[in-house]
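Each remark here refers to the structure printed beneath this line.
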Amino acid sequence: MDFFNESHVRAAKELLYKMADDQLIIGHRNSEWTGLGPILEEDIAFSSMAQDKIGQSEHLYALLHELGESDPDTVAFTRNAHQFHCCQLVEYPIGEYDFSLMRHFFFDMAELIRFDMLRNSSYEGLANIAKKYKGEIKYHSMHANTWVQQLGKGNEESNGRLQLQLDTYWNHALGIFEPGPHENILIDAGIFEGEAALQKNWLEAVIPLLEKADLQVPDTSKWSPVYGGRTGIHTAYLQPLLDEMTEVYSIDPSADW
Amino acid sequence: MYGNAYIDPNDQRGKTIEGEDPVLLAEFEARILAGEKIEPQDWMPQLYRKQLIRMIEQHAHSEIIGALPEGTWITRAPGFRRKLALMAKVQDEVGHAQLLYSAAETLGKSREAMINDLITGKSKYSNVFNYPAITWADSAIIAWLIDAGAIVNQLANSKGSYGPYCRALERICYEESFHLKYGHDNVVHLATGTPKQREMVQDALTRWWPAIMHFFGPPDTISVHTEVLMKWKVKMMSNDDMRQQYLDMYVPKIWDLGLVLPDPNLHKNEETGKWEYTEPDWEEFKRVINGDGPCNAERLAVRRMAEEKGRWVRRAILGEKANYTVPFA
């Protein structure tokens, strides 16, 4: 990390934290589908993607550890909700399959593009992670899109259900792209092209896919991104999730589990 | 993971081979005796087909119901290593259900019909999953000692006569052996950990021991029924033989960890080479298998809820035939 000055490290940490926290929390949520999917194959798919996400988050926390943060287990299993930087979209309970699917589509399309952009990052450790996991994320986004297409064009009921989730959570999806305090540093240092560029690419990718699935994106006059997650402002759902996640670990955080 | 198929000795259904063509039956039995596998398109007696459907179906149900007590701990697993391993393990179990339903479908019963029989309570699953996994240590004991029991049972059954079931079991056993390693590693960490961890794992073992003793089912009543199933390589080992093999393999390993088994009479009789133990409460076993256990209602309610909530998805991709609820018969 020799070429990093202090402001670069600060900016990189902020980027890594939000990416890792997003993946940990959505991975945790998706793992809740284990045993409950609408068909066995979906049960297995959500579980598999959850493992990938949590594995990726661990790798990103390991990168943070290299930058001086605590080890991955400590970072993931001892912080409170206000210390998390995930977007609010990933915190919501799994609800029914329609919600989980739309969230999966919104999030994984963003992740696919983010990782693609990061392949050329000047921060080599991050570029390596982006290259390493791009394959996994490609399958996650293909999975999401396949199901959005199938159910969007399935029948009136399935189309209506997806449309309702799209309308309800579109602004939360836009919240993924909440700009951080160090956007210009990240852009100038060639670490990341920034949230605004990511959002633009995302819109160009998802709008045609949603239209192809007979779903309508809300009128731009209704767009009002749900921000706050990146600065530690969360829904009421995050702290109970963390309480559950750390229930055993906190019996004795110094023990070897 | 899975226990032995419970064959009720008083069940009069499908016990007979009356009416089967004697020539075809003789050819069928000769093939089995010669160690050949029976394949889906081959002729087979009705009783063989019925028993296999029942067994494979029970096995498949056990895999998806078994995902519930362990699944509870995925969201609570301490640390990345355990969380990832447990997720992968439980995912495997659901994958086993998928394989097994496919194997059973080759005998002529659809997955939908089987799942319907599960949620209406018509079809059974392994009794052991009607007990709760109260602490993290329970999930460790399940992964080690229940999966170990499943391996004993499934390895025996993988030498059976029905090709699709045997092939599914071979793959399942391969994965189960990793589960067992995960469970063992987990129990070792707890048993050699802090006093609190040690206490947790001892409590869990004490709690699960009766269910482990129940795992292979009650002592077999020797009946014509059992004999014919063994001749046809549907049932490969008696319940007691499997229990003996299990005790021989795992009791020494449990004792090595300094853990105590809650049966003062448990010991190996060096003369007979057999393990002796206090018989578990078989009345309780029957009560629980017939629906009156601590978690029967909850397990089926969760499964019913999942089926109910997922119905719109199946309707959208498969059409109306996905709405498969049939009358309780």
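FYI, nothing fancy with the structure tokens labels: chains A, B, ... in order, residues from 1 per chain, ligands from 1 as they appear.
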Closest contacts (chain B/chain A, max 9 Å, only C-alpha atoms) as CSV:
```
residue,atom,partner,partner_atom,distance
B:Ile64,CA,A:Gly35,CA,6.4
B:Ile65,CA,A:Gly35,CA,7.7
B:Gly66,CA,A:Gly35,CA,8.9
B:Ala67,CA,A:Gly35,CA,5.9
B:Leu68,CA,A:Gly35,CA,6.2
B:Gly71,CA,A:Thr34,CA,6.5
B:Thr72,CA,A:Glu32,CA,8.5
B:Ile74,CA,A:Ser31,CA,7.3
B:Thr75,CA,A:Met245,CA,5.3
B:Arg76,CA,A:Met245,CA,4.4
B:Ala77,CA,A:Val248,CA,6.6
B:Pro78,CA,A:Tyr249,CA,4.5
B:Gly79,CA,A:Asp73,CA,5.4
B:Phe80,CA,A:Asp73,CA,6.4
B:Arg81,CA,A:Asp73,CA,9.0
B:Arg82,CA,A:Trp257,CA,7.8
B:Lys83,CA,A:Ile54,CA,8.7
B:Leu84,CA,A:Gln51,CA,6.0
B:Ala85,CA,A:Gln51,CA,8.8
B:Met87,CA,A:Gln51,CA,6.7
B:Ala88,CA,A:Gln51,CA,7.2
B:Val90,CA,A:Thr34,CA,7.5
B:Gln91,CA,A:Ile44,CA,5.8
B:Asp92,CA,A:Ile44,CA,8.1
B:Val94,CA,A:Ile44,CA,6.7
B:Gly95,CA,A:Ile44,CA,6.7
B:Ala97,CA,A:Leu40,CA,8.1
B:Gln98,CA,A:Leu40,CA,6.6
B:Thr135,CA,A:Val248,CA,8.6
B:Trp136,CA,A:Val248,CA,7.0
B:Asn186,CA,A:Trp257,CA,7.4
B:His189,CA,A:Trp257,CA,6.2
B:Leu190,CA,A:Trp257,CA,6.9
B:Gly193,CA,A:Asp256,CA,6.9
B:Thr194,CA,A:Ala255,CA,6.8
B:Lys196,CA,A:Asp252,CA,8.6
B:Gln197,CA,A:Ala255,CA,8.5
B:Val302,CA,A:Leu36,CA,7.9
B:Arg303,CA,A:Leu36,CA,7.2
B:Met305,CA,A:Leu36,CA,8.3
B:Ala306,CA,A:Leu36,CA,5.1
B:Glu307,CA,A:Pro38,CA,6.4
B:Glu308,CA,A:Pro38,CA,8.5
B:Lys309,CA,A:Pro38,CA,7.0
B:Gly310,CA,A:Pro38,CA,3.9
B:Arg311,CA,A:Pro38,CA,6.8
B:Trp312,CA,A:Ser158,CA,6.9
B:Val313,CA,A:Pro38,CA,6.6
B:Arg314,CA,A:Pro38,CA,7.2
B:Arg315,CA,A:Asn155,CA,8.3
B:Ala316,CA,A:Gly154,CA,4.8
B:Ile317,CA,A:Gly154,CA,6.1
B:Gly319,CA,A:Asn155,CA,8.7
```
Every residue of stretch 154-195 of chain A that DSSP places in alpha helix (DSSP H), as a list in words: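 After running DSSP on the backbone, stretch 154-195 of chain A has alpha helix (DSSP H) at Glu156, Glu157, Ser158, Asn159, Gly160, Arg161, Leu162, Gln163, Leu164, Gln165, Leu166, Asp167, Thr168, Tyr169, Trp170, Asn171, His172, Ala173, Leu174, Glu183, Asn184, Ile185, Leu186, Ile187, Asp188 and Glu195 of chain A.
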Non-local contacts of stretch 210-220 of chain A (10 Å; only C-alpha atoms; under 4 positions in same chain excluded) as a list in words: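 Residues near the query, excluding close chain neighbours: Phe105, Asn145, Thr146, Trp147, Val148, Gln149, Gln150, Leu151, Gly152, Lys153, Gly154, Asn159, Gly160, Leu162, Gln163, Leu164, Leu166, Asp167, Thr168, Trp170, Asn171, Ala205, Val206 and Ser224 of chain A.
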Counting only C-alpha atoms, the option among A:Ala62, A:Ala81, A:Ala173, A:Ala11 closest to A:Ile191: A:Ala11
Spatial neighbours of B:Lys50, 12 Å, only C-alpha atoms, chain gap at least 3 places, as number ranges by chain: B: 13-17, 44-47, 53-57, 104, 107-109, 229, 234
Contacts of stretch 163-170 of chain B at 7 Å (only C-alpha atoms; same-chain gap of 3+ positions) as a ChimeraX atom specification: /B:37-39,99-100,103,154,157-160,173-174
Could those selected residues go to a file with C-alpha atoms, as a compact mmCIF listing (two decimals), in the first residue's frame?
```txt
# COMPACT_ATOMS: atom_id res chain seq x y z
CA LYS B 37 -29.09 -53.52 -9.86
CA ILE B 38 -32.77 -53.13 -10.66
CA GLU B 39 -33.41 -50.12 -12.91
CA LEU B 99 -31.58 -36.13 -5.41
CA LEU B 100 -33.79 -38.47 -3.42
CA ALA B 103 -34.77 -41.20 -7.32
CA GLN B 154 -26.81 -45.03 4.12
CA ASN B 157 -28.41 -49.04 1.89
CA SER B 158 -26.07 -47.96 -0.91
CA LYS B 159 -25.31 -51.67 -1.39
CA GLY B 160 -29.00 -52.30 -1.96
CA CYS B 173 -22.43 -40.52 1.72
CA TYR B 174 -19.51 -38.70 0.18
```
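Counting only C-alpha atoms, the residue from A:Asp188, A:Asp22, A:Glu66, A:Glu42 that sits nearest to A:Gly175 is A:Asp22.
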Residue contacts of stretch 107-119 of chain A (8 Å, only C-alpha atoms) excluding same-chain residues fewer than 6 positions away, as a PDB file with N, CA and C atoms, in the first residue's frame:
```pdb
ATOM      1  N   LEU A 126      -7.796  -4.728  -4.121  1.00  0.00           N
ATOM      2  CA  LEU A 126      -9.222  -4.661  -4.455  1.00  0.00           C
ATOM      3  C   LEU A 126      -9.473  -5.134  -5.883  1.00  0.00           C
ATOM      4  N   ALA A 127      -8.575  -4.760  -6.789  1.00  0.00           N
ATOM      5  CA  ALA A 127      -8.715  -5.201  -8.182  1.00  0.00           C
ATOM      6  C   ALA A 127      -8.658  -6.729  -8.240  1.00  0.00           C
ATOM      7  N   ASN A 128      -7.797  -7.319  -7.431  1.00  0.00           N
ATOM      8  CA  ASN A 128      -7.684  -8.785  -7.420  1.00  0.00           C
ATOM      9  C   ASN A 128      -8.966  -9.439  -6.925  1.00  0.00           C
ATOM     10  N   ALA A 130     -11.920  -8.126  -7.126  1.00  0.00           N
ATOM     11  CA  ALA A 130     -12.935  -7.905  -8.166  1.00  0.00           C
ATOM     12  C   ALA A 130     -12.799  -8.947  -9.272  1.00  0.00           C
ATOM     13  N   LYS A 131     -11.559  -9.249  -9.635  1.00  0.00           N
ATOM     14  CA  LYS A 131     -11.348 -10.254 -10.691  1.00  0.00           C
ATOM     15  C   LYS A 131     -11.726 -11.643 -10.193  1.00  0.00           C
ATOM     16  N   TYR A 133     -13.861 -12.632  -7.920  1.00  0.00           N
ATOM     17  CA  TYR A 133     -15.268 -12.953  -7.645  1.00  0.00           C
ATOM     18  C   TYR A 133     -16.229 -12.564  -8.763  1.00  0.00           C
ATOM     19  N   LYS A 134     -15.692 -12.006  -9.836  1.00  0.00           N
ATOM     20  CA  LYS A 134     -16.588 -11.555 -10.888  1.00  0.00           C
ATOM     21  C   LYS A 134     -17.424 -12.721 -11.426  1.00  0.00           C
ATOM     22  N   ILE A 137     -20.344 -13.519  -9.118  1.00  0.00           N
ATOM     23  CA  ILE A 137     -21.383 -12.481  -9.146  1.00  0.00           C
ATOM     24  C   ILE A 137     -22.132 -12.493 -10.477  1.00  0.00           C
ATOM     25  N   LYS A 138     -21.422 -12.860 -11.538  1.00  0.00           N
ATOM     26  CA  LYS A 138     -22.088 -12.979 -12.837  1.00  0.00           C
ATOM     27  C   LYS A 138     -23.234 -14.004 -12.731  1.00  0.00           C
ATOM     28  N   HIS A 140     -24.807 -14.873  -9.986  1.00  0.00           N
ATOM     29  CA  HIS A 140     -25.861 -14.334  -9.123  1.00  0.00           C
ATOM     30  C   HIS A 140     -26.785 -13.431  -9.938  1.00  0.00           C
ATOM     31  N   SER A 141     -26.186 -12.576 -10.759  1.00  0.00           N
ATOM     32  CA  SER A 141     -27.027 -11.643 -11.518  1.00  0.00           C
ATOM     33  C   SER A 141     -27.812 -12.391 -12.601  1.00  0.00           C
ATOM     34  N   ALA A 144     -30.761 -13.924 -10.831  1.00  0.00           N
ATOM     35  CA  ALA A 144     -31.790 -12.921 -10.531  1.00  0.00           C
ATOM     36  C   ALA A 144     -32.571 -12.564 -11.786  1.00  0.00           C
ATOM     37  N   ALA A 173     -33.388   0.834  -3.625  1.00  0.00           N
ATOM     38  CA  ALA A 173     -32.341   0.364  -4.544  1.00  0.00           C
ATOM     39  C   ALA A 173     -31.427   1.541  -4.915  1.00  0.00           C
ATOM     40  N   ILE A 176     -28.486   2.297  -2.712  1.00  0.00           N
ATOM     41  CA  ILE A 176     -27.198   1.586  -2.823  1.00  0.00           C
ATOM     42  C   ILE A 176     -26.103   2.589  -3.195  1.00  0.00           C
ATOM     43  N   ILE A 191      -8.993   4.617  -7.716  1.00  0.00           N
ATOM     44  CA  ILE A 191      -9.396   3.445  -6.918  1.00  0.00           C
ATOM     45  C   ILE A 191     -10.763   2.962  -7.382  1.00  0.00           C
ATOM     46  N   PHE A 192     -11.687   3.903  -7.545  1.00  0.00           N
ATOM     47  CA  PHE A 192     -13.049   3.552  -7.962  1.00  0.00           C
ATOM     48  C   PHE A 192     -13.647   4.754  -8.683  1.00  0.00           C
ATOM     49  N   GLU A 193     -14.430   4.465  -9.721  1.00  0.00           N
ATOM     50  CA  GLU A 193     -14.980   5.574 -10.521  1.00  0.00           C
ATOM     51  C   GLU A 193     -16.123   6.315  -9.830  1.00  0.00           C
ATOM     52  N   LEU A 198     -21.467   4.487 -11.099  1.00  0.00           N
ATOM     53  CA  LEU A 198     -22.053   3.156 -10.895  1.00  0.00           C
ATOM     54  C   LEU A 198     -23.570   3.215 -11.097  1.00  0.00           C
ATOM     55  N   GLN A 199     -24.200   4.224 -10.509  1.00  0.00           N
ATOM     56  CA  GLN A 199     -25.658   4.341 -10.643  1.00  0.00           C
ATOM     57  C   GLN A 199     -26.068   4.510 -12.108  1.00  0.00           C
ATOM     58  N   ASN A 201     -24.468   3.475 -14.776  1.00  0.00           N
ATOM     59  CA  ASN A 201     -24.320   2.182 -15.464  1.00  0.00           C
ATOM     60  C   ASN A 201     -25.424   1.205 -15.076  1.00  0.00           C
ATOM     61  N   TRP A 202     -25.775   1.251 -13.806  1.00  0.00           N
ATOM     62  CA  TRP A 202     -26.821   0.355 -13.295  1.00  0.00           C
ATOM     63  C   TRP A 202     -28.165   0.647 -13.963  1.00  0.00           C
ATOM     64  N   ALA A 205     -28.389  -0.624 -17.331  1.00  0.00           N
ATOM     65  CA  ALA A 205     -28.500  -2.089 -17.420  1.00  0.00           C
ATOM     66  C   ALA A 205     -29.868  -2.589 -16.971  1.00  0.00           C
ATOM     67  N   VAL A 206     -30.375  -2.071 -15.850  1.00  0.00           N
ATOM     68  CA  VAL A 206     -31.589  -2.688 -15.294  1.00  0.00           C
ATOM     69  C   VAL A 206     -32.872  -2.237 -15.982  1.00  0.00           C
TER      70      VAL A 206
END
```
Point-to-point distance from atom CA of B:Asn127 to atom CA of B:Glu283, Å rounded to tenths: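 Computed distance, atom CA of B:Asn127 to atom CA of B:Glu283, equals 12.9 Å.
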All residues 7 Å or closer to stretch 205-215 of chain B, only C-alpha atoms, same chain fewer than 6 positions away omitted, as JSON, numbers by chain: {"B": [3, 128, 141, 146, 261, 262, 280, 285]}
